[in-house]
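Inspection log for the structure reproduced underneath, given as structure tokens.
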Amino acid sequence: MNTSETATNGATRRPEAPDRNLAMDLVRVTEAAAMAAGRWVGRGDKNSGDGAAVEAMRKLISTVAMRGVVVIGEGEKDEAPMLFNGEEVGNHNGPDCDVAVDPIDGTTLLSKGMPNALAVLAVAERNAMFDPSAVFYMEKLAVGPEAADVVDISAPVAENIRRVAKAKQIEVSDVTVCILDRSRHDQLVSEVREAGARIQFISDGDVAGAIAAARPDSGVDMLMGIGGTPEGIITACALKCLDGELQTRLWPKDDTEREQVRSAGHDPQQVLTTSDLVRGDNVFFCATGITDGALLRGVHYRANRCTTQSLMMRSKSGTVRSIEGSHKLGKLGEYSDLD
Ligand code: VTB
Ligand code: MG
Ligand code: MG
């Protein structure tokens with residue numbers, strides 16, 4: 001990798017590390033995506049909502065002071081509108097960054113007006129993020145700081161639940177595991193129930209589920225199960241900021257996918273930890289609620305205004321900010337005032 005480049009004026013440009021000023025700029029991007037998507041809540045048209053969020057995100061991200069490359073554009077698995085992998089984003093004047101976006105995690109939640117649809121964005125130093133393109137799904141185990149050092153995705157489900165209970169000083173019967181409601185999880189669900197723990201099913205949105213596992217007072221202690229690989233990288237960025245832990249294993253669903261994983265140079269058995277999924281300690285994560293959820297309030301409308309709630313985190317400082325926005329309709333034009 002080049003450590004310096006010659007700029008057009010002949011001066012040498014040293015790549016800078018992303019600094020804290022980036023954080024506030026990023027909130028504007030997820031706010032714009034959420035406001036654009038907000039107009040599509042409950043309208044039964046997830047692709048139009050996603051398209052609106054993608055366009056708002058693309059427009060606003062072009063103003064952020066960075067030389068970003070989208071490494072996680074999401075959308076492929078669901079054949080949804082997307083920012084493309086390899087797409088250059090930012091104003092090309094700033095630090096070199098990897099960018100992961102999911103303009104809407106939970107497009108079905110959006111289209112049905114159900115809880116926890118989020119606009120999310122994560123940024124890290126260039127080449128810090130794991131390339132998720134080999135396979136659509138990965139097996140995930142997410143926990144918060146108390147249990148970050150004790151879980152092991154290769155251990156039995158009951159054992160991990162016991163370790164989480166011990167680390168959090170609660171009974172196994174008090175542990176709540178968040179699981180995507182899918183038939184591929186039947187075995188996992190029986191094992192959790194046999195262990196004696198409780199389950200909170202979600203229909204979509206395992207980024208929000210994993211963050212809940214790492215946040216105090218969310219009522220969720222861990223997330224387990226198979227979900228999207230792009231969402232896994234985004235989740236790793238969030239959990240790095242929260243001192244939580246995400247352990248994963250790629251989950252090829254058939255021989256063709258297994259071959260794809262191998263030819264991309266990965267071992268399907270290998271456990272990928274938070275730090276394998278996003279390297280270094282200069283990670284930014286930002287989410288804005290689209291529909292109301294336990295994690296974030298969604299976009300609300302009132303006379304001439306709409307409100308947003310966002311979570312902004314930065315691993316280097318460990319700061320977690322909750323940001324309320326009150327946006328004047330009309331002034332923001334298309335992002336808040338679609339109709
Ligand atoms: C999760 C979740 C997403 O896909 O990754 C999930 O975070 C898993 O895939 O919101 P399937 O839906 O294909 O089972 C979503 O639900 C949609 O991208
Ligand atoms: Mg999405
Ligand atoms: Mg998604």
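Just so we're on the same page: first chain in the structure tokens is A, next is B, and so on; residues restart at 1 for each chain, and ligands are numbered from 1 in the order they show up.
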Using only C-alpha atoms and all ligand atoms, determine which residues fall within 8 Å of ligand 1, then list them as a list of chain:residue names. A:Gly75, A:Lys77, A:Asp78, A:Asp105, A:Gly106, A:Thr107, A:Thr108, A:Tyr137, A:Leu180, A:Arg182, A:Ser203, A:Asp204, A:Gly205, A:Asp206, A:Val207, A:Ala208, A:Ile226, A:Gly227, A:Gly228, A:Thr229, A:Pro230, A:Glu231, A:Gly232
Do a neighbour search on A:Asp131 at 9 Å with only C-alpha atoms, toss out local chain neighbours closer than 5 positions, and write the hits as a ChimeraX atom specification. /A:71-72,230,233,277
Among stretch 94-215 of chain A, which ones does DSSP place in strand (DSSP E), written as a PyMOL selection string? chain A and resi 96-105+118-125+137-143+176-180+198-202
Please, could you write that set of residues out with C-alpha atoms as a short mmCIF file (atom, residue, chain, number, x, y, z; two decimals), in the first residue's frame?
data_model
loop_
_atom_site.label_atom_id
_atom_site.label_comp_id
_atom_site.auth_asym_id
_atom_site.auth_seq_id
_atom_site.Cartn_x
_atom_site.Cartn_y
_atom_site.Cartn_z
CA ASP A 96 -8.50 7.48 3.27
CA CYS A 97 -11.37 5.42 4.62
CA ASP A 98 -13.28 2.18 4.24
CA VAL A 99 -17.00 2.86 4.26
CA ALA A 100 -19.79 0.42 5.11
CA VAL A 101 -23.39 1.44 4.53
CA ASP A 102 -26.81 -0.01 4.98
CA PRO A 103 -29.16 2.85 4.06
CA ILE A 104 -31.99 0.79 5.55
CA ASP A 105 -31.38 -2.28 7.66
CA LEU A 118 -32.33 1.87 10.87
CA ALA A 119 -30.09 3.82 8.51
CA VAL A 120 -26.51 2.82 9.33
CA LEU A 121 -23.04 3.86 8.31
CA ALA A 122 -19.61 2.80 9.54
CA VAL A 123 -16.21 4.22 8.63
CA ALA A 124 -12.72 2.94 9.44
CA GLU A 125 -9.19 3.42 8.16
CA TYR A 137 -24.54 -15.21 5.33
CA MET A 138 -22.55 -15.65 8.49
CA GLU A 139 -23.21 -17.26 11.86
CA LYS A 140 -23.10 -14.63 14.61
CA LEU A 141 -22.75 -14.43 18.36
CA ALA A 142 -22.86 -10.91 19.83
CA VAL A 143 -22.50 -9.81 23.43
CA THR A 176 -32.59 -13.11 26.82
CA VAL A 177 -31.25 -14.18 23.44
CA CYS A 178 -32.23 -12.20 20.35
CA ILE A 179 -32.71 -14.44 17.29
CA LEU A 180 -33.89 -13.73 13.74
CA ARG A 198 -35.50 -16.66 27.08
CA ILE A 199 -35.78 -15.62 23.43
CA GLN A 200 -36.70 -12.36 21.74
CA PHE A 201 -37.48 -13.07 18.08
CA ILE A 202 -36.94 -10.36 15.50
#
Closest of A:Ala128, A:Leu296, A:Leu83, A:Leu329 to ligand 2 - atom-to-atom distances counting only C-alpha atoms and all ligand atoms: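 Of the candidates, the smallest distance to ligand 2 is held by A:Leu83.
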A:Arg67, A:Arg321, A:Lys240, A:Arg184 ranked by distance to A:Pro145, top pick (using only C-alpha atoms):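 So, comparing all the options, the nearest one is A:Lys240.
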Mind checking which residues fall within 10 Å of A:Gly51, counting only C-alpha atoms, ignoring those fewer than 2 positions away in the same chain, and posting them as a list in words?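 These residues fall inside the cut-off: Ala33, Ala36, Ala37, Lys46, Asn47, Ser48, Gly49, Ala53, Val54, Glu55, Ala56, Met57, Ala80, Pro81, Met82, Leu83, Pro103 and Ile104 of chain A.
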With N, CA and C atoms retained, could you export that selection as a short mmCIF file (atom, residue, chain, number, x, y, z; two decimals), in the first residue's frame?
data_model
loop_
_atom_site.label_atom_id
_atom_site.label_comp_id
_atom_site.auth_asym_id
_atom_site.auth_seq_id
_atom_site.Cartn_x
_atom_site.Cartn_y
_atom_site.Cartn_z
N ALA A 33 -30.67 9.81 5.15
CA ALA A 33 -31.22 8.54 4.67
C ALA A 33 -32.51 8.21 5.42
N ALA A 36 -35.40 10.47 4.31
CA ALA A 36 -35.92 10.09 2.99
C ALA A 36 -36.75 8.81 3.10
N ALA A 37 -36.26 7.87 3.90
CA ALA A 37 -36.97 6.61 4.07
C ALA A 37 -38.25 6.81 4.87
N LYS A 46 -40.89 -1.70 -0.27
CA LYS A 46 -39.57 -1.58 0.35
C LYS A 46 -38.50 -1.09 -0.61
N ASN A 47 -38.65 -1.40 -1.89
CA ASN A 47 -37.60 -0.97 -2.82
C ASN A 47 -37.60 0.54 -3.06
N SER A 48 -38.81 1.14 -3.10
CA SER A 48 -38.84 2.61 -3.27
C SER A 48 -38.25 3.29 -2.05
N GLY A 49 -38.57 2.76 -0.86
CA GLY A 49 -38.02 3.31 0.38
C GLY A 49 -36.50 3.19 0.37
N ALA A 53 -33.59 6.14 0.32
CA ALA A 53 -32.54 6.21 1.35
C ALA A 53 -31.15 6.17 0.71
N VAL A 54 -30.99 5.31 -0.29
CA VAL A 54 -29.69 5.20 -0.99
C VAL A 54 -29.33 6.53 -1.64
N GLU A 55 -30.30 7.14 -2.32
CA GLU A 55 -30.01 8.39 -3.01
C GLU A 55 -29.66 9.51 -2.03
N ALA A 56 -30.41 9.59 -0.93
CA ALA A 56 -30.12 10.63 0.08
C ALA A 56 -28.74 10.41 0.66
N MET A 57 -28.43 9.15 0.94
CA MET A 57 -27.13 8.84 1.52
C MET A 57 -26.01 9.18 0.54
N ALA A 80 -31.55 -5.28 -3.64
CA ALA A 80 -32.09 -3.97 -3.32
C ALA A 80 -31.22 -2.88 -3.95
N PRO A 81 -31.77 -1.65 -4.04
CA PRO A 81 -30.91 -0.56 -4.54
C PRO A 81 -29.72 -0.40 -3.60
N MET A 82 -28.59 0.03 -4.10
CA MET A 82 -27.42 0.07 -3.22
C MET A 82 -26.37 1.07 -3.66
N LEU A 83 -25.51 1.39 -2.70
CA LEU A 83 -24.25 2.04 -3.05
C LEU A 83 -23.33 0.89 -3.42
N PRO A 103 -28.25 1.69 3.99
CA PRO A 103 -29.16 2.85 4.06
C PRO A 103 -30.44 2.52 4.82
N ILE A 104 -30.91 1.26 4.68
CA ILE A 104 -31.99 0.79 5.55
C ILE A 104 -31.65 -0.64 5.96
#
